[in-house]
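So this block is entry_17.cif, mmCIF, C-alpha atoms:
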```
data_start
#
loop_
_atom_site.label_atom_id
_atom_site.label_comp_id
_atom_site.auth_asym_id
_atom_site.auth_seq_id
_atom_site.Cartn_x
_atom_site.Cartn_y
_atom_site.Cartn_z
CA MET N 1 0.00 0.00 0.00
CA SER N 2 1.35 3.46 -0.90
CA THR N 3 2.06 6.08 1.73
CA LEU N 4 -0.88 8.16 0.50
CA ALA N 5 -3.24 5.19 0.66
CA THR N 6 -2.00 4.38 4.16
CA GLU N 7 -2.66 7.93 5.35
CA GLN N 8 -6.10 7.93 3.75
CA ALA N 9 -6.94 4.66 5.49
CA LYS N 10 -5.84 6.09 8.83
CA LEU N 11 -7.95 9.20 8.25
CA THR N 12 -11.00 7.14 7.31
CA LYS N 13 -10.59 5.05 10.43
CA ALA N 14 -10.19 8.13 12.60
CA ARG N 15 -13.31 9.69 11.14
CA SER N 16 -15.50 6.61 11.52
CA PRO N 17 -15.69 5.97 15.29
CA ASN N 18 -17.83 3.07 16.47
CA TYR N 19 -21.16 4.02 18.07
CA PRO N 20 -24.79 2.80 18.03
CA ALA N 21 -26.71 4.29 15.12
CA ILE N 22 -29.88 4.57 17.24
CA GLY N 23 -30.70 5.33 20.86
CA LEU N 24 -31.69 2.65 23.36
CA PRO N 25 -35.44 3.50 23.29
CA GLU N 26 -35.60 2.83 19.55
CA ALA N 27 -33.34 -0.20 19.90
CA ILE N 28 -35.78 -1.75 22.39
CA GLU N 29 -38.62 -1.31 19.89
CA LYS N 30 -36.50 -2.80 17.12
CA VAL N 31 -35.67 -5.91 19.13
CA ARG N 32 -39.36 -6.20 20.05
CA ALA N 33 -40.13 -6.67 16.35
CA ILE N 34 -37.72 -9.62 16.32
CA PHE N 35 -38.91 -11.19 19.57
CA ASP N 36 -42.61 -10.86 18.72
CA ASN N 37 -41.99 -12.84 15.55
CA LYS N 38 -42.29 -16.63 15.66
CA ASP N 39 -38.53 -16.96 15.99
CA HIS N 40 -38.54 -15.43 19.50
CA LYS N 41 -35.10 -16.37 20.90
CA HIS N 42 -34.10 -18.88 18.24
CA LYS N 43 -30.83 -18.35 16.41
CA VAL N 44 -31.57 -17.17 12.89
CA PRO N 45 -29.48 -15.83 10.00
CA LYS N 46 -28.72 -12.13 10.02
CA GLU N 47 -30.73 -11.68 6.82
CA VAL N 48 -33.83 -13.07 8.57
CA ILE N 49 -33.24 -10.60 11.41
CA ALA N 50 -33.20 -7.80 8.83
CA ARG N 51 -36.54 -8.94 7.42
CA HIS N 52 -38.09 -9.12 10.91
CA LEU N 53 -37.02 -5.49 11.31
CA GLY N 54 -38.93 -4.56 8.16
CA TYR N 55 -36.03 -4.34 5.72
CA THR N 56 -35.74 -6.16 2.42
CA GLY N 57 -32.38 -7.66 3.39
CA LEU N 58 -28.88 -6.80 4.49
CA ASN N 59 -28.14 -3.31 3.24
CA GLY N 60 -27.03 0.15 4.30
CA ALA N 61 -30.28 0.68 6.21
CA SER N 62 -30.52 -2.62 8.10
CA LEU N 63 -26.87 -3.28 8.95
CA PRO N 64 -26.39 -0.18 11.19
CA VAL N 65 -29.54 -1.09 13.13
CA ILE N 66 -28.44 -4.70 13.63
CA SER N 67 -25.03 -3.43 14.68
CA ALA N 68 -26.66 -1.13 17.26
CA LEU N 69 -28.67 -4.02 18.72
CA LEU N 70 -25.44 -5.97 19.10
CA LYS N 71 -23.71 -3.00 20.75
CA TYR N 72 -26.48 -2.67 23.34
CA GLY N 73 -26.36 -6.41 24.00
CA LEU N 74 -29.92 -6.94 22.74
CA LEU N 75 -28.70 -9.41 20.11
CA GLU N 76 -25.86 -11.89 20.38
CA GLY N 77 -24.22 -14.56 18.28
CA ARG N 78 -21.26 -15.42 16.13
CA GLY N 79 -20.97 -15.27 12.39
CA ASP N 80 -24.28 -15.12 10.60
CA ALA N 81 -26.51 -16.59 13.35
CA LEU N 82 -28.00 -14.14 15.85
CA GLN N 83 -30.56 -14.36 18.65
CA VAL N 84 -32.36 -12.13 21.15
CA THR N 85 -30.57 -11.93 24.51
CA ASP N 86 -31.93 -12.35 28.05
CA VAL N 87 -31.26 -8.63 28.63
CA ALA N 88 -33.54 -7.79 25.71
CA VAL N 89 -36.28 -10.13 26.95
CA SER N 90 -36.20 -8.48 30.37
CA LEU N 91 -36.56 -5.04 28.77
CA LEU N 92 -39.54 -6.30 26.78
CA VAL N 93 -41.48 -8.26 29.40
CA ASP N 94 -40.53 -6.98 32.87
CA GLN N 95 -42.43 -4.05 34.34
CA PRO N 96 -40.76 -0.62 34.44
CA GLY N 97 -39.28 -0.11 37.89
CA SER N 98 -38.79 -3.81 38.60
CA PRO N 99 -35.28 -4.87 39.68
CA GLU N 100 -35.02 -7.13 36.62
CA ARG N 101 -35.80 -4.39 34.12
CA THR N 102 -33.74 -1.78 35.97
CA GLY N 103 -30.68 -4.04 35.91
CA ALA N 104 -31.19 -4.88 32.23
CA LEU N 105 -31.64 -1.20 31.37
CA GLN N 106 -28.42 -0.21 33.11
CA ARG N 107 -26.44 -3.01 31.46
CA ALA N 108 -27.73 -2.19 27.99
CA ALA N 109 -27.14 1.55 28.38
CA ALA N 110 -23.56 1.10 29.60
CA ARG N 111 -22.55 -1.58 27.09
CA PRO N 112 -21.59 0.58 24.05
CA ALA N 113 -17.90 1.40 24.45
CA LEU N 114 -18.42 5.02 23.39
CA PHE N 115 -21.13 5.55 26.01
CA ALA N 116 -18.89 4.13 28.73
CA GLU N 117 -16.17 6.53 27.56
CA LEU N 118 -18.54 9.51 27.69
CA ASP N 119 -19.78 8.52 31.14
CA LYS N 120 -16.18 8.52 32.31
CA ALA N 121 -15.40 11.83 30.60
CA PHE N 122 -18.48 13.54 32.12
CA PRO N 123 -18.98 11.96 35.57
CA GLY N 124 -21.10 14.88 36.75
CA GLY N 125 -24.02 13.96 34.51
CA LEU N 126 -25.27 14.60 31.00
CA PRO N 127 -23.51 17.71 29.62
CA SER N 128 -24.60 20.05 26.84
CA ASP N 129 -24.56 18.98 23.20
CA ALA N 130 -21.80 21.52 22.57
CA ALA N 131 -19.58 19.94 25.21
CA LEU N 132 -20.25 16.45 23.86
CA GLU N 133 -19.59 17.54 20.29
CA ALA N 134 -16.28 19.17 21.21
CA HIS N 135 -15.17 16.03 23.05
CA LEU N 136 -16.12 13.74 20.15
CA ILE N 137 -14.50 15.88 17.47
CA LYS N 138 -11.28 15.89 19.49
CA SER N 139 -11.60 12.09 19.63
CA GLY N 140 -11.71 11.80 15.83
CA PHE N 141 -15.38 12.21 14.95
CA ILE N 142 -16.46 14.24 11.97
CA ARG N 143 -19.24 16.68 12.86
CA LYS N 144 -22.06 14.67 11.25
CA ALA N 145 -21.06 11.48 13.05
CA ALA N 146 -20.70 13.38 16.31
CA LYS N 147 -24.27 14.66 16.06
CA GLY N 148 -25.58 11.12 15.45
CA ALA N 149 -23.63 9.76 18.40
CA ILE N 150 -24.84 12.58 20.66
CA GLN N 151 -28.47 11.91 19.77
CA ALA N 152 -28.13 8.18 20.50
CA TYR N 153 -26.28 8.85 23.76
CA ARG N 154 -28.74 11.50 24.94
CA GLU N 155 -31.81 9.37 24.17
CA THR N 156 -30.25 6.47 26.04
CA LYS N 157 -29.29 8.53 29.09
CA GLU N 158 -32.70 10.21 29.22
CA LEU N 159 -34.47 6.84 29.16
CA VAL N 160 -32.35 5.57 32.05
CA SER N 161 -32.79 8.81 33.99
CA CYS N 162 -36.54 8.79 33.44
CA GLU N 163 -37.06 5.18 34.54
CA LEU N 164 -34.68 5.18 37.48
CA GLY N 165 -35.80 8.61 38.66
CA GLY N 166 -39.45 7.70 38.40
CA TYR N 167 -39.16 4.52 40.43
CA SER N 168 -36.59 5.32 43.11
CA ALA N 169 -36.72 7.11 46.41
CA GLY N 170 -34.62 9.89 44.91
CA SER N 171 -31.20 11.20 45.79
CA GLY N 172 -32.39 14.40 47.40
CA ASP N 173 -30.48 16.59 44.93
CA GLY N 174 -33.59 18.23 43.52
CA ASP N 175 -33.44 16.51 40.13
CA ASP N 176 -35.56 13.40 40.76
CA VAL N 177 -39.24 13.29 39.82
CA LEU N 178 -41.18 10.83 41.94
CA LEU N 179 -44.41 9.07 41.11
CA SER N 180 -46.23 8.24 44.33
CA GLU N 181 -49.66 7.27 45.69
CA LYS N 182 -49.05 7.80 49.41
CA GLU N 183 -49.97 11.34 50.43
CA LYS N 184 -53.14 13.35 49.91
CA PRO N 185 -53.00 16.89 48.48
CA GLN N 186 -54.13 19.90 50.49
CA ARG N 187 -56.68 21.04 47.92
CA SER N 188 -58.25 19.48 44.86
CA ASP N 189 -60.01 20.39 41.66
CA PRO N 190 -63.84 20.15 41.97
CA ARG N 191 -63.90 17.62 39.14
CA GLY N 192 -61.61 15.30 41.09
CA ALA N 193 -59.25 14.89 38.14
CA LEU N 194 -56.59 17.48 38.97
CA SER N 195 -55.18 18.93 42.17
CA ILE N 196 -52.21 21.08 43.08
CA GLY N 197 -50.67 21.50 46.52
CA SER N 198 -47.76 20.52 48.73
CA SER N 199 -46.89 17.43 50.71
CA HIS N 200 -46.16 17.30 54.42
CA ALA N 201 -42.47 16.76 53.76
CA GLU N 202 -40.64 20.10 53.93
CA GLN N 203 -38.31 19.32 51.01
CA GLU N 204 -40.95 17.75 48.76
CA GLN N 205 -43.57 19.61 46.77
CA GLU N 206 -46.55 17.89 45.20
CA ARG N 207 -47.23 19.96 42.12
CA LEU N 208 -49.70 17.87 40.17
CA ARG N 209 -52.22 15.06 40.59
CA PHE N 210 -54.37 13.69 37.81
CA THR N 211 -56.33 10.61 36.81
CA LEU N 212 -55.65 8.67 33.63
CA SER N 213 -58.51 7.54 31.39
CA GLY N 214 -58.25 4.00 32.78
CA GLY N 215 -58.74 5.25 36.34
CA ARG N 216 -55.08 5.03 37.38
CA GLY N 217 -54.00 7.94 39.56
CA VAL N 218 -50.68 9.73 39.12
CA ARG N 219 -48.95 12.29 41.32
CA LEU N 220 -45.81 14.32 40.60
CA ILE N 221 -43.65 15.21 43.59
CA PHE N 222 -40.53 17.33 43.16
CA ASN N 223 -37.68 17.58 45.62
CA GLY N 224 -36.60 21.14 46.42
CA PRO N 225 -38.15 24.36 45.08
CA PRO N 226 -40.97 24.42 42.51
CA PRO N 227 -39.83 23.42 39.01
CA THR N 228 -39.25 26.01 36.32
CA GLN N 229 -40.99 25.96 32.94
CA ALA N 230 -37.72 24.79 31.38
CA GLU N 231 -37.60 21.85 33.80
CA ILE N 232 -41.20 20.97 32.95
CA GLU N 233 -40.23 20.92 29.27
CA GLU N 234 -37.36 18.59 30.18
CA LEU N 235 -39.80 16.33 32.04
CA LEU N 236 -42.07 16.20 28.99
CA GLU N 237 -39.08 15.15 26.88
CA TYR N 238 -38.30 12.35 29.35
CA LEU N 239 -41.88 11.10 29.16
CA ALA N 240 -41.85 11.22 25.37
CA VAL N 241 -38.66 9.14 25.30
CA SER N 242 -39.89 6.56 27.80
CA LYS N 243 -43.46 6.06 26.61
CA ARG N 244 -42.39 3.46 24.03
CA THR N 245 -41.12 1.21 26.82
CA PHE N 246 -44.61 0.78 28.31
CA PRO N 247 -47.26 -1.66 27.03
CA PRO N 248 -49.47 -0.28 24.23
#
```

I'd like the structure from this file rewritten - as structure tokens, please.
Amino acid sequence: MSTLATEQAKLTKARSPNYPAIGLPEAIEKVRAIFDNKDHKHKVPKEVIARHLGYTGLNGASLPVISALLKYGLLEGRGDALQVTDVAVSLLVDQPGSPERTGALQRAAARPALFAELDKAFPGGLPSDAALEAHLIKSGFIRKAAKGAIQAYRETKELVSCELGGYSAGSGDGDDVLLSEKEKPQRSDPRGALSIGSSHAEQEQERLRFTLSGGRGVRLIFNGPPPTQAEIEELLEYLAVSKRTFPP
């Protein structure tokens, strides 16, 4: 190989870092399409996997998705034969908040090597897109690839944050949103569907209570001061990301 070809190969490699092409929420839905098929957990050829995912075969559209499922540990296998993993099954059948699903979610989210690297680089939590982009470009990403990696990483982290924050006792740092059915509000809407008030706990504020169409009650309790409109927008984004993980 000529010196020029060698340098071009190095450049191509440097500009094509390895990362999941899709976020974990979408990956869970993709593996659901495989598991819900008759093959379930049977080992099948990669081309069959592609067809279960709705593609015509192995091509530029299907291969990145299959690769992402492998990176998250939702598929496994050697050579051409792949199958759905136990981690994927737990994400599909266990209830949100259960120890089984929580453990599976954490393992899947941390499995991509790039995500583990970003977690280590930003131990304080999810940084801004600008900070992530700067870090990735310095690591050899071209800008377009960096944006794709950031989207996949952010969607994955938001799903984990939403599920773990919604089903834990909270860390007391003011960032956790708790769903609870323990305390009664101080005042309620005459229709009985919505109420706003505060809890007895000094550091916890119940800001919203409502009833779903199926009769299930939901309360939102925030640690610390009342949330800002920007934080409410962030909460709505979390819910939008996580809704695909619940039964239809």

Run the PyMOL selection byres ((chain N and resi 69-76) around 9) mentally over the shown coordinates, then write out the matched residues as an MDAnalysis selection string, using the chain letters and numbers from the document.
chainID N and resid 19:20 22 24 27:28 30:31 64:68 77:78 81:89 107:113

For range 132-139 of chain N, please output as a PyMOL selection string all residues within 12 Å (counting only C-alpha atoms; exclusion window: fewer than 6 positions along the same chain).
chain N and resi 13-19+114-115+117-122+125-126+145-154

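Of the residues listed (N:Ala104, N:Ala33, N:Asp39, N:Ser128), N:Ala33 shows the shortest atom-to-atom separation from His52 in chain N; distances use only C-alpha atoms.
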
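Within the 10 Å cut-off around Ala50 in chain N, using only C-alpha atoms and omitting residues fewer than 5 positions from it on the same chain, the listed residues are N:Ile34, N:Pro45, N:Tyr55, N:Thr56, N:Gly57, N:Leu58, N:Asn59, N:Ala61, N:Ser62, N:Leu63, N:Val65, N:Ile66.
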
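Distance-wise, CA of Arg143 in chain N and CA of Asp129 in chain N end up 11.9 Å apart.
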
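The space separating CA of Ile221 in chain N from CA of Pro99 in chain N comes to 22.1 Å.
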
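You can rank N:Glu237, N:Glu29, N:Glu47, N:Asp80 by their closest distance to Leu159 in chain N using only C-alpha atoms, and at the top of that list sits N:Glu237.
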
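CA of Gly60 in chain N sits 16.8 Å away from CA of Lys144 in chain N.
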
If the box runs along x, y and z of the file and leaves 5 Å on each side of range 116-132 of chain N, what are its centre and edge lengths in Å, one decimal, as lines of an AutoDock Vina configuration file?
```
center_x = -20.3
center_y = 12.8
center_z = 29.7
size_x = 19.9
size_y = 27.4
size_z = 24.2
```
